[in-house]
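S.K.: My structure is in coords.cif, and what it holds is mmCIF, C-alpha atoms and all ligand atoms:
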data_model
loop_
_atom_site.group_PDB
_atom_site.id
_atom_site.type_symbol
_atom_site.label_atom_id
_atom_site.label_comp_id
_atom_site.auth_asym_id
_atom_site.auth_seq_id
_atom_site.Cartn_x
_atom_site.Cartn_y
_atom_site.Cartn_z
ATOM 1 C CA MET T 20 34.817 87.239 16.050
ATOM 2 C CA ARG T 21 34.204 83.692 14.841
ATOM 3 C CA ILE T 22 31.880 81.107 16.331
ATOM 4 C CA LEU T 23 33.848 77.846 16.216
ATOM 5 C CA ASP T 24 31.114 75.616 17.576
ATOM 6 C CA ALA T 25 28.093 75.497 15.233
ATOM 7 C CA GLY T 26 25.752 74.661 18.127
ATOM 8 C CA PHE T 27 26.782 77.680 20.181
ATOM 9 C CA ASP T 28 24.537 80.765 20.303
ATOM 10 C CA LEU T 29 26.483 83.874 21.395
ATOM 11 C CA GLU T 30 23.381 86.113 21.505
ATOM 12 C CA ARG T 31 21.713 83.647 23.845
ATOM 13 C CA PHE T 32 24.851 83.631 26.034
ATOM 14 C CA PHE T 33 24.793 87.430 26.394
ATOM 15 C CA ALA T 34 21.022 87.400 27.054
ATOM 16 C CA ASP T 35 21.548 84.841 29.854
ATOM 17 C CA LEU T 36 24.500 86.876 31.135
ATOM 18 C CA ALA T 37 22.336 90.021 31.299
ATOM 19 C CA ARG T 38 19.840 88.179 33.526
ATOM 20 C CA SER T 39 22.373 86.335 35.667
ATOM 21 C CA PRO T 40 22.843 87.491 39.261
ATOM 22 C CA HIS T 41 26.268 85.790 39.252
ATOM 23 C CA PRO T 42 28.388 86.618 36.207
ATOM 24 C CA ALA T 43 31.985 85.346 36.433
ATOM 25 C CA LEU T 44 34.700 86.442 34.017
ATOM 26 C CA LEU T 45 37.859 84.320 34.093
ATOM 27 C CA LEU T 46 40.825 85.743 32.201
ATOM 28 C CA ASP T 47 44.314 84.689 31.262
ATOM 29 C CA TYR T 48 46.814 87.582 31.114
ATOM 30 C CA ASP T 49 49.769 87.199 28.711
ATOM 31 C CA GLY T 50 48.698 87.045 25.080
ATOM 32 C CA THR T 51 45.065 87.541 26.130
ATOM 33 C CA LEU T 52 44.856 90.913 27.923
ATOM 34 C CA ALA T 53 48.416 91.956 27.072
ATOM 35 C CA PRO T 54 50.459 91.558 23.896
ATOM 36 C CA PHE T 55 53.668 89.584 24.258
ATOM 37 C CA HIS T 56 56.844 91.489 24.969
ATOM 38 C CA VAL T 57 60.390 90.125 24.723
ATOM 39 C CA ASP T 58 60.791 91.309 28.324
ATOM 40 C CA PRO T 59 57.776 89.870 30.247
ATOM 41 C CA ALA T 60 58.251 92.530 32.964
ATOM 42 C CA ARG T 61 57.112 95.058 30.338
ATOM 43 C CA ALA T 62 54.089 93.186 28.991
ATOM 44 C CA ALA T 63 51.462 95.855 29.755
ATOM 45 C CA PRO T 64 47.758 95.363 28.956
ATOM 46 C CA TYR T 65 46.341 96.595 25.647
ATOM 47 C CA ALA T 66 45.239 100.242 25.843
ATOM 48 C CA GLY T 67 41.709 100.406 27.244
ATOM 49 C CA VAL T 68 41.816 97.027 28.999
ATOM 50 C CA PRO T 69 42.500 98.217 32.590
ATOM 51 C CA ALA T 70 39.643 100.764 32.415
ATOM 52 C CA LEU T 71 37.271 98.088 31.103
ATOM 53 C CA LEU T 72 38.293 95.656 33.855
ATOM 54 C CA ASP T 73 37.696 98.390 36.450
ATOM 55 C CA ARG T 74 34.239 99.025 34.966
ATOM 56 C CA ILE T 75 33.408 95.326 34.915
ATOM 57 C CA MET T 76 34.415 95.022 38.588
ATOM 58 C CA THR T 77 32.060 97.833 39.604
ATOM 59 C CA GLY T 78 29.202 95.807 38.140
ATOM 60 C CA ARG T 79 27.816 92.409 39.165
ATOM 61 C CA THR T 80 30.749 90.412 37.809
ATOM 62 C CA ARG T 81 33.224 88.416 39.823
ATOM 63 C CA LEU T 82 36.451 88.933 37.866
ATOM 64 C CA ILE T 83 39.292 86.431 38.233
ATOM 65 C CA LEU T 84 42.699 86.284 36.562
ATOM 66 C CA ILE T 85 44.218 82.851 35.938
ATOM 67 C CA SER T 86 47.845 83.020 34.846
ATOM 68 C CA GLY T 87 50.934 80.855 34.565
ATOM 69 C CA ARG T 88 52.925 83.700 36.080
ATOM 70 C CA TRP T 89 54.001 84.099 39.658
ATOM 71 C CA THR T 90 51.362 86.495 41.092
ATOM 72 C CA ARG T 91 54.069 88.836 42.416
ATOM 73 C CA ASP T 92 55.337 89.350 38.835
ATOM 74 C CA LEU T 93 51.846 89.866 37.451
ATOM 75 C CA ILE T 94 50.354 92.326 39.946
ATOM 76 C CA PRO T 95 52.606 95.326 39.067
ATOM 77 C CA LEU T 96 51.549 95.114 35.406
ATOM 78 C CA LEU T 97 47.777 95.117 35.746
ATOM 79 C CA GLY T 98 47.076 98.842 36.031
ATOM 80 C CA VAL T 99 43.654 98.327 37.642
ATOM 81 C CA SER T 100 42.428 100.454 40.531
ATOM 82 C CA ARG T 101 41.788 97.451 42.792
ATOM 83 C CA LEU T 102 43.017 93.894 42.412
ATOM 84 C CA PRO T 103 40.637 91.128 41.418
ATOM 85 C CA GLU T 104 41.112 87.546 42.616
ATOM 86 C CA ILE T 105 44.269 86.149 40.975
ATOM 87 C CA TRP T 106 45.329 82.536 40.478
ATOM 88 C CA GLY T 107 49.037 82.327 39.616
ATOM 89 C CA SER T 108 51.626 79.675 38.792
ATOM 90 C CA HIS T 109 49.133 77.555 36.818
ATOM 91 C CA GLY T 110 46.753 77.104 39.760
ATOM 92 C CA PHE T 111 49.332 76.654 42.550
ATOM 93 C CA GLU T 112 48.764 80.150 43.970
ATOM 94 C CA ARG T 113 45.491 81.834 44.830
ATOM 95 C CA ARG T 114 45.313 85.460 45.937
ATOM 96 C CA PHE T 115 41.776 86.422 46.917
ATOM 97 C CA ALA T 116 40.374 89.874 46.180
ATOM 98 C CA ASP T 117 40.532 90.693 49.915
ATOM 99 C CA GLY T 118 44.269 89.937 50.012
ATOM 100 C CA ARG T 119 44.172 86.448 51.567
ATOM 101 C CA TYR T 120 46.744 84.193 49.936
ATOM 102 C CA ASP T 121 47.048 80.409 49.532
ATOM 103 C CA ILE T 122 49.829 78.454 47.937
ATOM 104 C CA ALA T 123 49.611 74.714 47.330
ATOM 105 C CA ARG T 124 52.541 72.673 48.533
ATOM 106 C CA PRO T 125 53.992 70.803 45.567
ATOM 107 C CA ASP T 126 55.170 67.184 45.960
ATOM 108 C CA THR T 127 58.731 66.967 47.293
ATOM 109 C CA GLU T 128 60.262 64.711 44.652
ATOM 110 C CA PRO T 129 59.301 66.820 41.588
ATOM 111 C CA LEU T 130 60.269 69.970 43.495
ATOM 112 C CA ARG T 131 63.730 68.523 44.109
ATOM 113 C CA GLY T 132 63.947 67.725 40.387
ATOM 114 C CA LEU T 133 63.087 71.339 39.661
ATOM 115 C CA ALA T 134 65.853 72.635 41.951
ATOM 116 C CA ASN T 135 68.352 70.353 40.198
ATOM 117 C CA ALA T 136 67.182 71.453 36.750
ATOM 118 C CA ASP T 137 68.309 74.961 37.571
ATOM 119 C CA THR T 138 71.931 73.797 37.938
ATOM 120 C CA TRP T 139 72.447 73.684 34.173
ATOM 121 C CA GLY T 140 70.505 76.903 33.594
ATOM 122 C CA ASP T 141 73.728 78.799 32.892
ATOM 123 C CA GLU T 142 74.312 76.743 29.766
ATOM 124 C CA LEU T 143 70.896 77.812 28.432
ATOM 125 C CA ARG T 144 71.496 81.436 29.400
ATOM 126 C CA ARG T 145 74.744 81.379 27.438
ATOM 127 C CA MET T 146 72.734 80.178 24.436
ATOM 128 C CA GLY T 147 70.506 83.259 24.780
ATOM 129 C CA ALA T 148 67.559 81.772 26.681
ATOM 130 C CA ARG T 149 65.822 83.549 29.538
ATOM 131 C CA LEU T 150 64.922 81.465 32.594
ATOM 132 C CA GLU T 151 61.925 82.251 34.787
ATOM 133 C CA GLN T 152 61.617 80.578 38.170
ATOM 134 C CA LYS T 153 58.197 80.177 39.740
ATOM 135 C CA PRO T 154 56.971 78.391 42.870
ATOM 136 C CA ALA T 155 56.233 75.132 41.026
ATOM 137 C CA SER T 156 57.934 75.453 37.652
ATOM 138 C CA LEU T 157 60.908 76.604 35.652
ATOM 139 C CA ALA T 158 60.229 78.241 32.284
ATOM 140 C CA VAL T 159 62.722 78.712 29.473
ATOM 141 C CA HIS T 160 61.831 81.558 27.116
ATOM 142 C CA TRP T 161 63.202 82.103 23.619
ATOM 143 C CA ARG T 162 60.739 84.712 22.388
ATOM 144 C CA GLY T 163 62.346 87.256 20.087
ATOM 145 C CA LEU T 164 65.420 85.148 19.254
ATOM 146 C CA PRO T 165 66.242 84.201 15.631
ATOM 147 C CA PRO T 166 64.552 80.860 14.761
ATOM 148 C CA PRO T 167 67.807 78.821 14.474
ATOM 149 C CA GLN T 168 68.913 80.002 17.932
ATOM 150 C CA ALA T 169 65.460 79.287 19.387
ATOM 151 C CA ARG T 170 65.531 75.788 17.870
ATOM 152 C CA ALA T 171 68.974 75.069 19.338
ATOM 153 C CA ILE T 172 67.724 76.086 22.786
ATOM 154 C CA GLU T 173 64.593 73.969 22.427
ATOM 155 C CA GLU T 174 66.659 70.920 21.430
ATOM 156 C CA LYS T 175 69.002 71.438 24.371
ATOM 157 C CA VAL T 176 66.083 71.836 26.780
ATOM 158 C CA ARG T 177 64.341 68.727 25.504
ATOM 159 C CA GLU T 178 67.570 66.715 25.633
ATOM 160 C CA LYS T 179 68.298 67.841 29.204
ATOM 161 C CA TRP T 180 64.778 67.871 30.520
ATOM 162 C CA MET T 181 63.326 64.684 29.111
ATOM 163 C CA SER T 182 65.454 62.548 31.444
ATOM 164 C CA ARG T 183 64.483 64.876 34.291
ATOM 165 C CA VAL T 184 60.804 64.537 33.400
ATOM 166 C CA ARG T 185 61.009 60.753 33.438
ATOM 167 C CA ALA T 186 63.063 60.558 36.628
ATOM 168 C CA THR T 187 61.121 62.888 38.931
ATOM 169 C CA GLY T 188 57.555 62.993 37.661
ATOM 170 C CA LEU T 189 57.863 66.568 36.431
ATOM 171 C CA GLU T 190 55.799 67.572 33.377
ATOM 172 C CA LEU T 191 57.110 69.316 30.271
ATOM 173 C CA HIS T 192 54.662 71.882 28.803
ATOM 174 C CA PRO T 193 55.250 73.817 25.598
ATOM 175 C CA PHE T 194 53.904 77.379 25.438
ATOM 176 C CA ASP T 195 54.060 80.240 22.977
ATOM 177 C CA GLY T 196 57.775 81.132 22.950
ATOM 178 C CA GLY T 197 59.195 78.501 25.275
ATOM 179 C CA LEU T 198 59.013 75.335 27.333
ATOM 180 C CA GLU T 199 58.103 74.937 30.982
ATOM 181 C CA LEU T 200 59.102 72.215 33.406
ATOM 182 C CA ARG T 201 56.259 71.913 35.897
ATOM 183 C CA VAL T 202 55.407 70.094 39.101
ATOM 184 C CA PRO T 203 52.234 68.075 38.391
ATOM 185 C CA GLY T 204 48.972 68.378 40.304
ATOM 186 C CA ARG T 205 47.675 71.777 39.282
ATOM 187 C CA ASP T 206 46.881 73.521 36.002
ATOM 188 C CA LYS T 207 44.519 76.260 34.831
ATOM 189 C CA GLY T 208 41.754 73.673 34.478
ATOM 190 C CA TYR T 209 42.034 73.000 38.214
ATOM 191 C CA ALA T 210 41.505 76.719 38.900
ATOM 192 C CA VAL T 211 38.433 76.879 36.644
ATOM 193 C CA ARG T 212 36.879 73.708 38.098
ATOM 194 C CA THR T 213 37.458 74.943 41.663
ATOM 195 C CA LEU T 214 35.902 78.329 40.906
ATOM 196 C CA LEU T 215 32.872 76.846 39.143
ATOM 197 C CA ASP T 216 32.340 74.252 41.892
ATOM 198 C CA GLU T 217 32.318 77.073 44.471
ATOM 199 C CA SER T 218 29.900 79.214 42.447
ATOM 200 C CA PRO T 219 26.096 79.266 42.680
ATOM 201 C CA SER T 220 24.425 76.951 40.130
ATOM 202 C CA ASP T 221 23.123 79.949 38.147
ATOM 203 C CA VAL T 222 26.633 81.353 37.530
ATOM 204 C CA ALA T 223 27.195 82.662 33.978
ATOM 205 C CA ALA T 224 30.896 82.176 33.311
ATOM 206 C CA ALA T 225 33.409 82.679 30.535
ATOM 207 C CA PHE T 226 37.121 81.958 30.267
ATOM 208 C CA LEU T 227 39.371 83.809 27.802
ATOM 209 C CA GLY T 228 42.840 82.498 26.954
ATOM 210 C CA ASP T 229 45.365 82.231 24.157
ATOM 211 C CA ASP T 230 47.996 79.597 24.810
ATOM 212 C CA LEU T 231 48.277 75.808 24.831
ATOM 213 C CA THR T 232 48.218 75.847 28.648
ATOM 214 C CA ASP T 233 44.821 77.581 28.451
ATOM 215 C CA GLU T 234 43.290 74.537 26.769
ATOM 216 C CA ASP T 235 43.047 72.876 30.216
ATOM 217 C CA ALA T 236 40.863 75.802 31.340
ATOM 218 C CA LEU T 237 38.873 75.798 28.094
ATOM 219 C CA ARG T 238 38.162 72.079 28.530
ATOM 220 C CA ALA T 239 37.129 72.675 32.164
ATOM 221 C CA ILE T 240 34.592 75.363 31.259
ATOM 222 C CA ARG T 241 33.116 73.486 28.298
ATOM 223 C CA GLY T 242 29.489 72.627 29.031
ATOM 224 C CA ARG T 243 29.474 74.988 32.063
ATOM 225 C CA GLY T 244 30.198 78.315 30.372
ATOM 226 C CA LEU T 245 31.776 80.038 27.416
ATOM 227 C CA GLY T 246 35.333 79.303 26.261
ATOM 228 C CA VAL T 247 37.028 81.992 24.179
ATOM 229 C CA LEU T 248 40.310 81.726 22.285
ATOM 230 C CA VAL T 249 42.024 85.148 22.064
ATOM 231 C CA ARG T 250 44.722 85.062 19.392
ATOM 232 C CA PRO T 251 45.774 86.928 16.260
ATOM 233 C CA THR T 252 45.947 83.650 14.339
ATOM 234 C CA TRP T 253 43.702 80.628 14.577
ATOM 235 C CA ARG T 254 44.827 77.304 15.979
ATOM 236 C CA GLU T 255 43.101 74.072 16.980
ATOM 237 C CA THR T 256 41.159 74.649 20.226
ATOM 238 C CA VAL T 257 38.200 73.437 22.281
ATOM 239 C CA ALA T 258 36.968 77.057 22.657
ATOM 240 C CA GLN T 259 33.557 77.953 21.187
ATOM 241 C CA VAL T 260 34.543 81.446 20.083
ATOM 242 C CA TRP T 261 37.712 82.986 18.613
ATOM 243 C CA LEU T 262 38.511 86.698 19.122
ATOM 244 C CA GLN T 263 41.378 88.620 17.527
ATOM 245 C CA PRO T 264 42.940 91.150 19.905
ATOM 246 C CA PRO T 265 42.833 93.933 20.592
ATOM 247 C CA GLU T 266 39.712 95.261 18.781
ATOM 248 C CA GLU T 267 37.488 92.205 19.191
ATOM 249 C CA LEU T 268 38.691 91.689 22.764
ATOM 250 C CA LEU T 269 37.821 95.292 23.669
ATOM 251 C CA ALA T 270 34.403 94.915 22.031
ATOM 252 C CA PHE T 271 33.745 91.705 23.989
ATOM 253 C CA LEU T 272 34.764 93.295 27.326
ATOM 254 C CA GLU T 273 32.707 96.412 26.526
ATOM 255 C CA ARG T 274 29.620 94.314 25.865
ATOM 256 C CA TRP T 275 30.275 92.299 29.040
ATOM 257 C CA ALA T 276 30.543 95.537 31.057
ATOM 258 C CA GLN T 277 27.269 96.821 29.590
ATOM 259 C CA VAL T 278 25.114 93.760 30.248
ATOM 260 C CA THR T 279 26.515 93.134 33.728
ATOM 261 C CA ALA T 280 26.341 96.721 35.037
ATOM 262 C CA ARG T 281 24.539 97.120 38.364
ATOM 263 C CA ARG T 282 20.823 97.613 37.800
HETATM 264 MG MG MG I 301 48.430 83.458 27.830
#
Once you've parsed the file, please lay out its structure as structure tokens.
Ligand SMILES: [Mg+2]
M.R.:
Amino acid sequence: MRILDAGFDLERFFADLARSPHPALLLDYDGTLAPFHVDPARAAPYAGVPALLDRIMTGRTRLILISGRWTRDLIPLLGVSRLPEIWGSHGFERRFADGRYDIARPDTEPLRGLANADTWGDELRRMGARLEQKPASLAVHWRGLPPPQARAIEEKVREKWMSRVRATGLELHPFDGGLELRVPGRDKGYAVRTLLDESPSDVAAAFLGDDLTDEDALRAIRGRGLGVLVRPTWRETVAQVWLQPPEELLAFLERWAQVTARR
């Protein structure tokens, strides 16, 4: 574990967390709780993670997952005994812990652009890409492909999508292993801001994430809680702490479970 922000005191954070009546643990899924898999439908959590999440949820913590995935694709993978609150599709979907479900209505024009983008999806599939449709985005994955093939797909996507981005107001977001064409208006930072704004003022919150799209959430929590980058290799980030999974992640969750257990 590395402290990236010289002014940040991790021991003080855990001491405050131990006293807080309102701990909140906000977690990304892919790359953070689960290692990447060429087939995302098989990206299971690291061993020990589901049991730790279950333990954390029996304590004082409000646990929330914030993912770019469609919630319906994420839920079967979690392996927890009851579902926490889950934000999916980069903040467009919100499934509460009690099962209530909200989905934001994306703007019509970008959504139409998204539907049209799918019409040349076959060309990308023939090149070896995998396409993932979500309520407000279309992701092209090239994880696991040889680098020259991945580069060819990326060039094709950029060539095709850049005009689309300009014409319809869609946004193009790179992520680890692909590119995503997204309807604007929501991101993981929106989810974090909404959750913190709804929380009592003495909330003690942390967000853990790995990817470029998690930087929105890390920026949103900065000054209001702890931002943690979870990644085998370092990269530029606004997070205060960097953990290497799985060992350091498991140690962090274990410590969280201990200090937030019911008294
Ligand atoms: Mg991730």
S.K.: Find the residues around Asp49 (chain T) up to 9 Å (only C-alpha atoms counted), leave out those fewer than 4 positions away in its own chain, and share them as an NGL selection string.
M.R.: :T and (53-55 or 59 or 62-64 or 86-88 or 228-230)
S.K.: Restricted to C-alpha atoms, what would the selected residues look like written as a short mmCIF file (atom, residue, chain, number, x, y, z; two decimals), in the coordinates of the input?
M.R.:
data_model
loop_
_atom_site.label_atom_id
_atom_site.label_comp_id
_atom_site.auth_asym_id
_atom_site.auth_seq_id
_atom_site.Cartn_x
_atom_site.Cartn_y
_atom_site.Cartn_z
CA ALA T 53 48.42 91.96 27.07
CA PRO T 54 50.46 91.56 23.90
CA PHE T 55 53.67 89.58 24.26
CA PRO T 59 57.78 89.87 30.25
CA ALA T 62 54.09 93.19 28.99
CA ALA T 63 51.46 95.86 29.76
CA PRO T 64 47.76 95.36 28.96
CA SER T 86 47.84 83.02 34.85
CA GLY T 87 50.93 80.86 34.56
CA ARG T 88 52.92 83.70 36.08
CA GLY T 228 42.84 82.50 26.95
CA ASP T 229 45.36 82.23 24.16
CA ASP T 230 48.00 79.60 24.81
#
S.K.: Closest to Gly188 (chain T) among T:Leu45, T:Leu272, T:Ala224, T:Leu130, using only C-alpha atoms?
M.R.: T:Leu130
S.K.: Could you tell me which residues the PyMOL selection byres (((chain T and resi 68) around 10) and not hetatm) returns for this structure, as a list in words?
M.R.: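 Checked against the file, the PyMOL selection byres (((chain T and resi 68) around 10) and not hetatm) matches Leu52, Ala53, Ala63, Pro64, Tyr65, Ala66, Gly67, Pro69, Ala70, Leu71, Leu72, Asp73, Arg74, Leu97, Gly98, Val99, Pro265, Leu268, Leu269, Leu272 and Glu273 of chain T.
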S.K.: Please provide as a list in words all residues within 7 Å of Val249 (chain T), with the sequence filter that same-chain residues fewer than 6 positions apart are discarded (counting all atoms listed in the file).
M.R.: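 The filter keeps Thr51, Leu227, Gly228, Asp229, Trp261, Leu262, Gln263 and Pro264 of chain T.
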S.K.: Please return, as a list in words, all polymer residues that have at least one atom within 8 Å of the point (59.9, 75.5, 36.6); use only C-alpha atoms and the file's own coordinate frame.
M.R.: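 Final list of nearby residues, as requested, is Leu133, Glu151, Gln152, Lys153, Pro154, Ala155, Ser156, Leu157, Ala158, Glu199, Leu200, Arg201 and Val202 of chain T.
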S.K.: One decimal, in Å: what's the spacing between CA of Asp47 (chain T) and CA of Leu191 (chain T)?
M.R.: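 Computing the Euclidean distance for CA of Asp47 (chain T) and CA of Leu191 (chain T) yields 20.0 Å.
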S.K.: Looking at all atoms listed in the file, which of T:Ala210, T:Glu178, T:Leu164, T:Asp24 is the one that sits closest to Arg114 (chain T)?
M.R.: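 Distance minimum relative to Arg114 (chain T) lands on T:Ala210.
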S.K.: Step by step, work through what the PyMOL selection byres (((chain T and resi 196) around 6) and not hetatm) selects in the shown file, and finish by giving those residues as a PyMOL selection string.
M.R.: chain T and resi 160-162+194-195+197
S.K.: I'd like to know which of T:Ala60, T:Trp106, T:Gly50, T:Leu23 is closest to Arg250 (chain T), using only C-alpha atoms.
M.R.: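 Checking each of T:Ala60, T:Trp106, T:Gly50, T:Leu23 against Arg250 (chain T), counting only C-alpha atoms, the winner is T:Gly50.
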S.K.: Which residue out of T:Gly26, T:Gly107, T:Pro129, T:Gly242 has the minimum interatomic distance to ligand MG 301 (chain I) when all atoms listed in the file are used?
M.R.: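 Closest to ligand MG 301 (chain I), using all atoms listed in the file: T:Gly107.
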S.K.: Which is closest to ligand MG 301 (chain I) among T:Gly140, T:Met181, T:Asp233, T:Leu36, if we use all atoms listed in the file?
M.R.: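 For ligand MG 301 (chain I), the nearest of the given residues is T:Asp233.
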